[in-house]
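Q: Okay, here's the structure, questions in a sec.
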Amino acid sequence: MSLKAPRNKTLVLTQREINSLAAKSIKLTQKKSPDEILDKIIWQDALRALEKIPDNCVDLMIVDPPYNLTKNFGSSVFREMKNDEYSKWLDKWLKKTVRILKDDASVYICADWKTSIAIPYVAGKYFVLQNRISWEREKGRGAKNNWKNCLEDIWFFTKSQNYKFNLDKVKILRPVLAPYRDETNAPKDWFEKDMQKLRLTHPSNIWTDISVPFWSMSENTSHPTQKPEKLIAKLVLASSDEGDVVFDPFVGSGTTAVVAKKLKRHFIGIEKEKEYVALAIRRLEIADNDSRIQGFEDGIFKPRNM
């Protein structure tokens, strides 16, 4: 194994560690009770494992499926398909999730611009579309003959019109450009901290405050499409309460499970790649002693680089 630079915090595992950690996961051969799978990483293909998840046990589902791109994921390769074929692939596993969700559950599905063509059509057959979040993914190289792709979507669905949304949990701290005062000269909807004038604002569906994990961030892993903990934390806080169950059928290196644990939720995660199962379990172990989420401090989401 090559030595990392001193500031490189990327989580790296030896093969021995991968074997040891993956052995702490579970596999489902029959339908289980909720207590048997809570706070577990399931090492299995999602299509098979989904059939063994109990009914009505999930409060929030966050899904980051393979986008419709050819991409290596550990020992397997997901290959780009025609749009109608990709839609059929989405439908194949998504319809299996309906019965495991509680009636007031929320669903978030991540996508890039191309994948977004299929998601509202497929997921709209089973869930109620509430919104589309677009977030700036600033990482990546520019294209030579096209616009650089630095935008991703998160489609927000609910199982019914009765659902949770905790607005006060996801307000954003922003600098005040026009610090108005009332007739008594008191700050109007803003406060001062560390010589800065700040305001808590309502979140919109355009997010420009997200930093993609990179080598100097301790949450960074070798997973090629890892989502930032800050991004997932917004979804978890908005659409679940402490003690709720958060489910991710493509949990990858474990970000959804880790964030759920840090925010005092239960989790269920499914992943078929051994290396990513091991990374997820290691990150969950680290979270036992470190519940910090970069960009989220004292219950407040801070702007990027603040």
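Chain labels run A, B, ... following the order of the structure tokens; each chain numbers its residues from 1, and ligands are numbered from 1 in the order shown.
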Do a neighbour search on Met217 in chain A at 8 Å with only C-alpha atoms, toss out local chain neighbours closer than 3 positions, and write the hits as JSON, numbers by chain.

A: {"A": [8, 9, 10, 213, 214, 220]}

Q: Could you pull the residues within 12 Å of Ser218 in chain A, counting only C-alpha atoms, minus those fewer than 5 positions along the same chain, as a list of chain:residue names?

A: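 Here the answer would be A:Arg7, A:Asn8, A:Lys9, A:Thr10, A:Leu11, A:Val12, A:Val212, A:Pro213, A:Pro228, A:Glu229, A:Arg283, A:Ile286, A:Ala287, A:Asp290, A:Arg292, A:Ile293, A:Gln294.
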
Q: Looking only at the backbone, which of the residues in range 257-291 of chain A does DSSP tag as strand (DSSP E or B), as number ranges by chain?

A: A: 266-271

Q: Show which residues sit within 12 Å of Ser291 in chain A, as a count of residues only. Count only C-alpha atoms, and ignore same-chain residues fewer than 5 positions away.

A: 17

Q: What is the CA of Ala186 in chain A-CA of Asp209 in chain A distance in Å, reported with one decimal?

A: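 Between these atoms lies a distance of 29.0 Å.
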
Q: Could you check how far CA of Thr221 in chain A sits from CA of Glu17 in chain A, in Å to one decimal?

A: 14.5 Å

Q: Find the residues around Leu60 in chain A up to 6 Å (only C-alpha atoms counted), leave out those fewer than 5 positions away in its own chain, and share them as a list in words.

A: Ala105, Ser106, Val107 and Val246 of chain A

Q: For C-alpha atoms, I'd like the residues from the last selection saved as a short mmCIF file (atom, residue, chain, number, x, y, z; two decimals), in the first residue's frame.

A:
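Saved file selection.cif follows:
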data_model
loop_
_atom_site.label_atom_id
_atom_site.label_comp_id
_atom_site.auth_asym_id
_atom_site.auth_seq_id
_atom_site.Cartn_x
_atom_site.Cartn_y
_atom_site.Cartn_z
CA ALA A 105 -42.86 7.95 4.57
CA SER A 106 -40.77 10.19 2.32
CA VAL A 107 -38.54 9.12 -0.56
CA VAL A 246 -33.84 5.47 7.40
#

Q: Give me the residues near Phe247 in chain A as JSON, numbers by chain, where near means some atom within 9 Å (using only C-alpha atoms) and where sequence neighbours in that chain fewer than 3 positions away do not count.

A: {"A": [58, 59, 60, 61, 62, 63, 251, 256, 257, 266, 267, 268, 269, 270]}

Q: Take the selection from the previous step and output its residues with C-alpha atoms, as a tab-separated table (two decimals), in the first residue's frame.

A:
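To be explicit, this is the file written out as selection29.tsv:
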chain	number	residue	atom	x	y	z
A	58	VAL	CA	-39.32	2.47	6.94
A	59	ASP	CA	-39.93	6.16	7.69
A	60	LEU	CA	-37.53	7.60	5.12
A	61	MET	CA	-35.89	6.10	2.04
A	62	ILE	CA	-32.89	7.78	0.47
A	63	VAL	CA	-31.68	6.22	-2.78
A	251	VAL	CA	-25.88	2.32	0.52
A	256	THR	CA	-26.85	7.45	4.52
A	257	ALA	CA	-26.36	4.96	7.37
A	266	HIS	CA	-31.99	3.88	12.98
A	267	PHE	CA	-30.75	2.69	9.59
A	268	ILE	CA	-30.98	-0.23	7.19
A	269	GLY	CA	-28.53	-0.36	4.28
A	270	ILE	CA	-28.06	-2.79	1.41

Q: Can you list, as a list in words, all residues belonging to range 118-188 of chain A that DSSP tags as helix (DSSP H, G or I)?

A: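 Those residues are Ile119, Pro120, Tyr121, Val122, Ala123, Leu167, Asp168, Lys169 and Val170 of chain A.
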
Q: Dump N, CA and C atoms for the selected residues as a short mmCIF file (atom, residue, chain, number, x, y, z; two decimals), in the first residue's frame?

A:
data_model
loop_
_atom_site.label_atom_id
_atom_site.label_comp_id
_atom_site.auth_asym_id
_atom_site.auth_seq_id
_atom_site.Cartn_x
_atom_site.Cartn_y
_atom_site.Cartn_z
N ILE A 119 -36.76 9.21 -13.78
CA ILE A 119 -37.21 9.06 -12.39
C ILE A 119 -38.64 9.55 -12.15
N PRO A 120 -39.04 10.75 -12.57
CA PRO A 120 -40.42 11.16 -12.26
C PRO A 120 -41.46 10.28 -12.94
N TYR A 121 -41.12 9.74 -14.10
CA TYR A 121 -42.04 8.85 -14.80
C TYR A 121 -42.21 7.53 -14.05
N VAL A 122 -41.10 6.93 -13.63
CA VAL A 122 -41.16 5.63 -12.95
C VAL A 122 -41.66 5.77 -11.52
N ALA A 123 -41.01 6.62 -10.73
CA ALA A 123 -41.39 6.76 -9.32
C ALA A 123 -42.78 7.37 -9.18
N LEU A 167 -39.22 21.93 8.90
CA LEU A 167 -38.62 23.12 8.32
C LEU A 167 -37.54 23.74 9.21
N ASP A 168 -37.83 23.87 10.50
CA ASP A 168 -36.89 24.55 11.39
C ASP A 168 -35.57 23.80 11.54
N LYS A 169 -35.55 22.52 11.19
CA LYS A 169 -34.32 21.72 11.31
C LYS A 169 -33.35 21.96 10.16
N VAL A 170 -33.83 22.56 9.08
CA VAL A 170 -32.98 22.67 7.88
C VAL A 170 -32.84 24.11 7.38
#

Q: Report as a PyMOL selection string all protein, DNA and RNA residues lying within 8 Å of Gly252 in chain A, evaluated on only C-alpha atoms, omitting residues in the same chain fewer than 2 positions from it.

A: chain A and resi 223+226+250+254-255+270-271+273+276-277+280

Q: Would you export the selected residues with C-alpha atoms as a PDB file, in the first residue's frame, please?

A:
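In the end it all went to result-v9.pdb:
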ATOM      1  CA  HIS A 223     -16.301   5.006  -3.675  1.00  0.00           C
ATOM      2  CA  GLN A 226     -19.967   9.096  -2.734  1.00  0.00           C
ATOM      3  CA  PHE A 250     -27.764   1.166  -2.548  1.00  0.00           C
ATOM      4  CA  GLY A 254     -22.399   4.012   3.966  1.00  0.00           C
ATOM      5  CA  THR A 255     -23.089   7.762   3.941  1.00  0.00           C
ATOM      6  CA  ILE A 270     -28.059  -2.789   1.407  1.00  0.00           C
ATOM      7  CA  GLU A 271     -24.823  -3.080  -0.590  1.00  0.00           C
ATOM      8  CA  GLU A 273     -19.839  -4.887  -3.080  1.00  0.00           C
ATOM      9  CA  TYR A 276     -18.047  -0.838   0.193  1.00  0.00           C
ATOM     10  CA  VAL A 277     -19.762  -2.962   2.853  1.00  0.00           C
ATOM     11  CA  ALA A 280     -19.662   1.454   5.533  1.00  0.00           C
TER      12      ALA A 280
END

Q: Extract, using only C-alpha atoms, all DNA, RNA and protein residues at most 7 Å from Phe156 in chain A, discarding same-chain residues fewer than 5 positions from it, and format them as a ChimeraX atom specification.

A: /A:107-109,129-132

Q: Do you have the CA of Thr115 in chain A-CA of Lys159 in chain A distance handy?

A: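 If I compute the distance from CA of Thr115 in chain A to CA of Lys159 in chain A, I get 21.2 Å.
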
Q: Go through A:Gly74, A:Pro54, A:Pro66, A:Gly295 and flag the residue nearest Lys102 in chain A, using only C-alpha atoms for the distances.

A: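 Of all the options, A:Pro54 lies closest to Lys102 in chain A.
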